[in-house]
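Reviewing the structure listed below.
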Amino acid sequence: LFLGLPPWTKPLPRSSDGLNLWAGEFEHEVLTVKPGPGSFFQDVALFHKPSKTLLLCDALLAVTPEPPAILTSEPEYTRALLFHARDDPLEVVRDSPEARRKGWRRIVILFNFFIPGAVQADVGLAPLLKLDPAFDFGWGGWQPFSWKESDEIQSFEAYSANGKPTLLPIIQIILNRGVSDGSLWRWVERVQKWEFERVVPAHLDAPLAIGPKDFAEPFDFARNGGNEVRFCDEDVALLREAERGPLAFSVAKTTLGPLTGVPCSLGSDVPRLVSRELGIRWYPK
């Protein structure tokens with residue numbers, strides 16, 4: 001076995017065009033981008049002809065304020081929503097639709113931006129000293145983030161845009177390395193030729209009632225020659241710094257420049273990352 005796959009597994013051809021695969025029920029196109037030395041990013045678009053449905057992994061997503069049904073139908077998942085809805089480490093949040101939406105909003109912002117503009121992250125000992133192993137929601141109540149609610153709402157609204165499809169920021173950083181050789185836009189154009197009526201991404205909201213035109217729109221940066229995003233600039237600041245610093249050894253230079261968002265004045269000029277023990281007070285640029 002390799003990576004959990006059985007020995008009879010075969011690589012997926014880059015395209016199903018002319019190969020008569022899938023008994024004629026599906027077509028597929030593989031996207032391959034080489035973001036840097038020794039690394040590759042791949043995604044696959046699968047078009048299910050009978051239902052006119054496009055299936056994707058990571059290349060596109062959309063999100064709305066309501067958490068997906070799977071997160072509200074299982075008690076363990078609901079606990080996760082309430083865990084992230086806390087404003088104090090050992091707060092036991094009462095279950096309610098608003099608390100679930102608050103937890104979902106924070107989960108989305110965190111997994112997109114890691115340390116978004118609406119938080120201050122304490123990477124020192126202070127959060128660890130407040131841990132209680134008996135805390136109902138688990139993880140000892142660990143909470144290194146302090147949230148500013150008005151900022152997190154503004155951040156989420158900019159990212160969501162009422163459910164309009166977009167790209168995960170880190171995925172856009174990878175994909176803009178596939179612009180100069182044309183690999184990204186060639187893939188988009190091939191997928192656009194299929195007459196699909198809905199898209200099912202692997203993450204966040206699904207299905208999305210969109211066709212080829214709306215599918216292609218998030219990739220317009222590749223054709224326009226810029227790296228702008230509709231998100232708050234303060235949210236993408238950490239990723240921008242990482243691209244200039246820790247990621248510089250693993251991703252090649254891009255002709256599009258760093259991610260640039262819309263100034264939202266998130267954070268009120270407070271340090272984003274702090275640690276009293278380490279003497280850290282970091283402000284993103």
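Each chain in the structure tokens gets a letter, A, B and so on, in the order shown; residues start at 1 in every chain, and ligands are counted from 1 in the order they appear.
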Do you have, as CSV, the list of residues of segment 23-63 of chain A lying at most 12 Å from segment 208-222 of chain A, each with its nearest atom pair and that distance in Å to one decimal, counting only C-alpha atoms and ordered by chain then number?
residue,atom,partner,partner_atom,distance
A:Ala45,CA,A:Phe215,CA,11.4
A:Phe47,CA,A:Pro212,CA,11.5
A:Lys52,CA,A:Gly211,CA,9.4
A:Thr53,CA,A:Gly211,CA,9.2
A:Leu54,CA,A:Gly211,CA,8.9
A:Leu55,CA,A:Leu208,CA,10.4
A:Leu56,CA,A:Phe215,CA,10.8
A:Ala59,CA,A:Phe219,CA,9.4
A:Leu60,CA,A:Pro218,CA,7.8
A:Leu61,CA,A:Leu208,CA,8.8
A:Ala62,CA,A:Leu208,CA,7.8
A:Val63,CA,A:Leu208,CA,9.7
Name the residues of segment 12-240 of chain A that fall into helix (DSSP H, G or I) according to DSSP on the backbone, using the chain letters and numbers of this document, as a ChimeraX atom specification. /A:22-24,69-73,75-84,97-113,126-129,139-141,149-163,169-178,183-192,212-224,233-240
Hey, could you make a per-residue contact list for segment 1-72 of chain A against segment 99-121 of chain A with 10 Å as the cut-off, showing the nearest pair of atoms and its distance in Å to one decimal, counting only C-alpha atoms, sorted by chain and number, as a Markdown table?
| residue | atom | partner | partner_atom | distance |
| --- | --- | --- | --- | --- |
| A:Val63 | CA | A:Val108 | CA | 8.4 |
| A:Thr64 | CA | A:Arg105 | CA | 8.9 |
| A:Pro65 | CA | A:Arg101 | CA | 6.1 |
| A:Glu66 | CA | A:Arg101 | CA | 5.8 |
| A:Pro67 | CA | A:Trp104 | CA | 5.7 |
| A:Pro68 | CA | A:Trp104 | CA | 8.9 |
| A:Leu71 | CA | A:Trp104 | CA | 9.1 |
| A:Thr72 | CA | A:Arg100 | CA | 8.1 |
Emit the selected residues as a compact mmCIF listing (two decimals), in the first residue's frame, including all heavy atoms.
# COMPACT_ATOMS: atom_id res chain seq x y z
N VAL A 63 -19.32 29.81 0.72
CA VAL A 63 -19.81 29.63 2.08
C VAL A 63 -20.85 30.69 2.41
O VAL A 63 -20.78 31.82 1.92
CB VAL A 63 -18.63 29.70 3.09
CG1 VAL A 63 -18.00 31.08 3.11
CG2 VAL A 63 -19.09 29.31 4.49
N THR A 64 -21.81 30.30 3.22
CA THR A 64 -22.86 31.19 3.71
C THR A 64 -22.89 31.12 5.24
O THR A 64 -22.25 30.24 5.83
CB THR A 64 -24.23 30.78 3.13
OG1 THR A 64 -24.40 29.37 3.27
CG2 THR A 64 -24.31 31.14 1.65
N PRO A 65 -23.62 32.01 5.90
CA PRO A 65 -23.57 32.06 7.37
C PRO A 65 -24.10 30.82 8.08
O PRO A 65 -23.71 30.56 9.22
CB PRO A 65 -24.44 33.28 7.71
CG PRO A 65 -24.39 34.14 6.49
CD PRO A 65 -24.34 33.18 5.35
N GLU A 66 -24.97 30.05 7.44
CA GLU A 66 -25.55 28.89 8.10
C GLU A 66 -24.59 27.70 8.02
O GLU A 66 -24.14 27.34 6.93
CB GLU A 66 -26.88 28.51 7.46
CG GLU A 66 -27.98 29.51 7.68
CD GLU A 66 -28.35 29.68 9.15
OE1 GLU A 66 -28.24 28.69 9.92
OE2 GLU A 66 -28.73 30.80 9.53
N PRO A 67 -24.26 27.08 9.16
CA PRO A 67 -23.38 25.90 9.10
C PRO A 67 -24.04 24.76 8.34
O PRO A 67 -25.27 24.63 8.35
CB PRO A 67 -23.18 25.54 10.59
CG PRO A 67 -24.30 26.19 11.31
CD PRO A 67 -24.67 27.41 10.53
N PRO A 68 -23.26 23.95 7.64
CA PRO A 68 -23.83 22.82 6.89
C PRO A 68 -24.62 21.88 7.80
O PRO A 68 -24.33 21.75 9.00
CB PRO A 68 -22.60 22.12 6.32
CG PRO A 68 -21.54 23.16 6.31
CD PRO A 68 -21.82 24.04 7.49
N LEU A 71 -23.06 19.43 10.30
CA LEU A 71 -22.51 19.95 11.55
C LEU A 71 -23.57 20.19 12.60
O LEU A 71 -23.26 20.35 13.79
CB LEU A 71 -21.73 21.24 11.30
CG LEU A 71 -20.51 21.15 10.40
CD1 LEU A 71 -19.78 22.48 10.36
CD2 LEU A 71 -19.57 20.04 10.84
N THR A 72 -24.81 20.24 12.20
CA THR A 72 -25.89 20.49 13.17
C THR A 72 -26.70 19.23 13.44
O THR A 72 -27.60 19.24 14.28
CB THR A 72 -26.83 21.60 12.66
OG1 THR A 72 -27.37 21.23 11.40
CG2 THR A 72 -26.07 22.90 12.51
If I take atom CA of Cys57 of chain A and atom CA of Arg240 of chain A, how far is one from the other in Å, to one decimal? 23.9 Å
Residues at most 8 Å from Asp122 of chain A, counting only C-alpha atoms, excluding those fewer than 5 positions away in the same chain, as an MDAnalysis selection string? chainID A and resid 127 144:145 273:275
Got a sec: who's within 9 Å of Gly261 of chain A, counting only C-alpha atoms, leaving out chain neighbours fewer than 6 positions off, as an mmCIF file with N, CA, C and O atoms, in the first residue's frame?
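Output contents, as saved in part.cif:
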data_model
loop_
_atom_site.group_PDB
_atom_site.id
_atom_site.type_symbol
_atom_site.label_atom_id
_atom_site.label_comp_id
_atom_site.auth_asym_id
_atom_site.auth_seq_id
_atom_site.Cartn_x
_atom_site.Cartn_y
_atom_site.Cartn_z
ATOM 1 N N ASN A 227 -3.223 39.845 -8.512
ATOM 2 C CA ASN A 227 -3.424 38.851 -7.458
ATOM 3 C C ASN A 227 -4.347 39.405 -6.387
ATOM 4 O O ASN A 227 -4.165 39.158 -5.196
ATOM 5 N N GLU A 228 -5.348 40.202 -6.844
ATOM 6 C CA GLU A 228 -6.274 40.809 -5.911
ATOM 7 C C GLU A 228 -7.334 39.787 -5.469
ATOM 8 O O GLU A 228 -7.709 38.890 -6.219
ATOM 9 N N VAL A 229 -7.794 39.946 -4.228
ATOM 10 C CA VAL A 229 -8.887 39.131 -3.690
ATOM 11 C C VAL A 229 -9.930 40.057 -3.088
ATOM 12 O O VAL A 229 -9.640 41.207 -2.761
ATOM 13 N N ARG A 230 -11.141 39.571 -2.955
ATOM 14 C CA ARG A 230 -12.215 40.407 -2.412
ATOM 15 C C ARG A 230 -12.200 40.433 -0.890
ATOM 16 O O ARG A 230 -12.956 41.168 -0.261
ATOM 17 N N PHE A 231 -11.326 39.658 -0.260
ATOM 18 C CA PHE A 231 -11.284 39.559 1.196
ATOM 19 C C PHE A 231 -10.654 40.807 1.811
ATOM 20 O O PHE A 231 -10.015 41.602 1.134
ATOM 21 N N CYS A 232 -10.814 40.935 3.126
ATOM 22 C CA CYS A 232 -10.165 42.040 3.832
ATOM 23 C C CYS A 232 -8.646 41.868 3.763
ATOM 24 O O CYS A 232 -8.123 40.771 3.989
ATOM 25 N N ASP A 233 -7.952 42.953 3.480
ATOM 26 C CA ASP A 233 -6.503 42.884 3.343
ATOM 27 C C ASP A 233 -5.842 42.451 4.650
ATOM 28 O O ASP A 233 -4.822 41.760 4.637
ATOM 29 N N GLU A 234 -6.415 42.862 5.776
ATOM 30 C CA GLU A 234 -5.854 42.471 7.072
ATOM 31 C C GLU A 234 -5.916 40.956 7.272
ATOM 32 O O GLU A 234 -5.107 40.384 8.004
ATOM 33 N N ASP A 235 -6.881 40.294 6.621
ATOM 34 C CA ASP A 235 -6.992 38.842 6.739
ATOM 35 C C ASP A 235 -5.905 38.120 5.966
ATOM 36 O O ASP A 235 -5.418 37.073 6.388
ATOM 37 N N VAL A 236 -5.537 38.641 4.800
ATOM 38 C CA VAL A 236 -4.527 37.961 3.990
ATOM 39 C C VAL A 236 -3.109 38.390 4.360
ATOM 40 O O VAL A 236 -2.141 37.881 3.786
ATOM 41 N N ALA A 237 -2.970 39.292 5.335
ATOM 42 C CA ALA A 237 -1.648 39.833 5.680
ATOM 43 C C ALA A 237 -0.683 38.748 6.141
ATOM 44 O O ALA A 237 0.491 38.750 5.759
#
Apply DSSP to the structure's backbone, then extract all residues of segment 16-146 of chain A labelled strand (DSSP E) and return them as a PyMOL selection string. chain A and resi 26-36+39-48+53-55+119-122+145-146
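Nearest residue to Gly138 of chain A, choosing from A:Leu256, A:Val30, A:Ala158, A:Leu82 and counting only C-alpha atoms: A:Leu82.
Shortest separation to Val200 of chain A among A:Leu128, A:Asp58, A:Asp151, A:Ile171 occurs at residue A:Asp58, atoms counted being only C-alpha atoms.
Closest to Ser155 of chain A among A:Leu247, A:Gly178, A:Ser96, A:Leu266 is A:Leu266, based on only C-alpha atoms.
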Close residues, Ala80 of chain A itself excluded, 8 Å, only C-alpha atoms, min 4 positions apart in chain, as a VMD selection string: chain A and resid 76 84 103 137
Selection to disk with N, CA and C atoms, as a PDB file, in the first residue's frame:
ATOM      1  N   GLU A  76     -21.507  15.685  18.294  1.00  0.00           N
ATOM      2  CA  GLU A  76     -20.070  15.964  18.404  1.00  0.00           C
ATOM      3  C   GLU A  76     -19.687  17.159  17.539  1.00  0.00           C
ATOM      4  N   HIS A  84     -15.998  26.847  19.390  1.00  0.00           N
ATOM      5  CA  HIS A  84     -15.430  28.017  18.725  1.00  0.00           C
ATOM      6  C   HIS A  84     -16.253  29.282  18.945  1.00  0.00           C
ATOM      7  N   GLY A 103     -19.950  30.132  15.863  1.00  0.00           N
ATOM      8  CA  GLY A 103     -18.873  29.152  15.822  1.00  0.00           C
ATOM      9  C   GLY A 103     -18.457  28.817  14.406  1.00  0.00           C
ATOM     10  N   PHE A 137     -16.342  21.067  26.761  1.00  0.00           N
ATOM     11  CA  PHE A 137     -16.199  21.049  25.299  1.00  0.00           C
ATOM     12  C   PHE A 137     -14.858  20.487  24.828  1.00  0.00           C
TER      13      PHE A 137
END
Measuring atom to atom with only C-alpha atoms, identify which of A:Pro263, A:Lys130, A:Gly245, A:Ile170 is nearest to Gln154 of chain A. A:Pro263
What does the structure give for the distance between atom CA of Val199 of chain A and atom CA of Thr32 of chain A, in Å to one decimal?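 Taking atom CA of Val199 of chain A and atom CA of Thr32 of chain A, their separation equals 19.9 Å.
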Could you check the closest approach to Ala69 of chain A for each of A:Glu29, A:Asp205, A:Glu243, A:Asp181 and tell me which residue wins, using only C-alpha atoms?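 Smallest separation from Ala69 of chain A among the options: A:Asp205.
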Suppose you want the space between atom CA of Ile174 of chain A and atom CA of Ser15 of chain A; what is it in Å? 21.2 Å
Looking at A:Pro284, A:Pro7, A:Pro50, A:Pro35, which one is nearest to Arg272 of chain A, with distances taken over only C-alpha atoms?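 Closest residue, counting only C-alpha atoms: A:Pro284.
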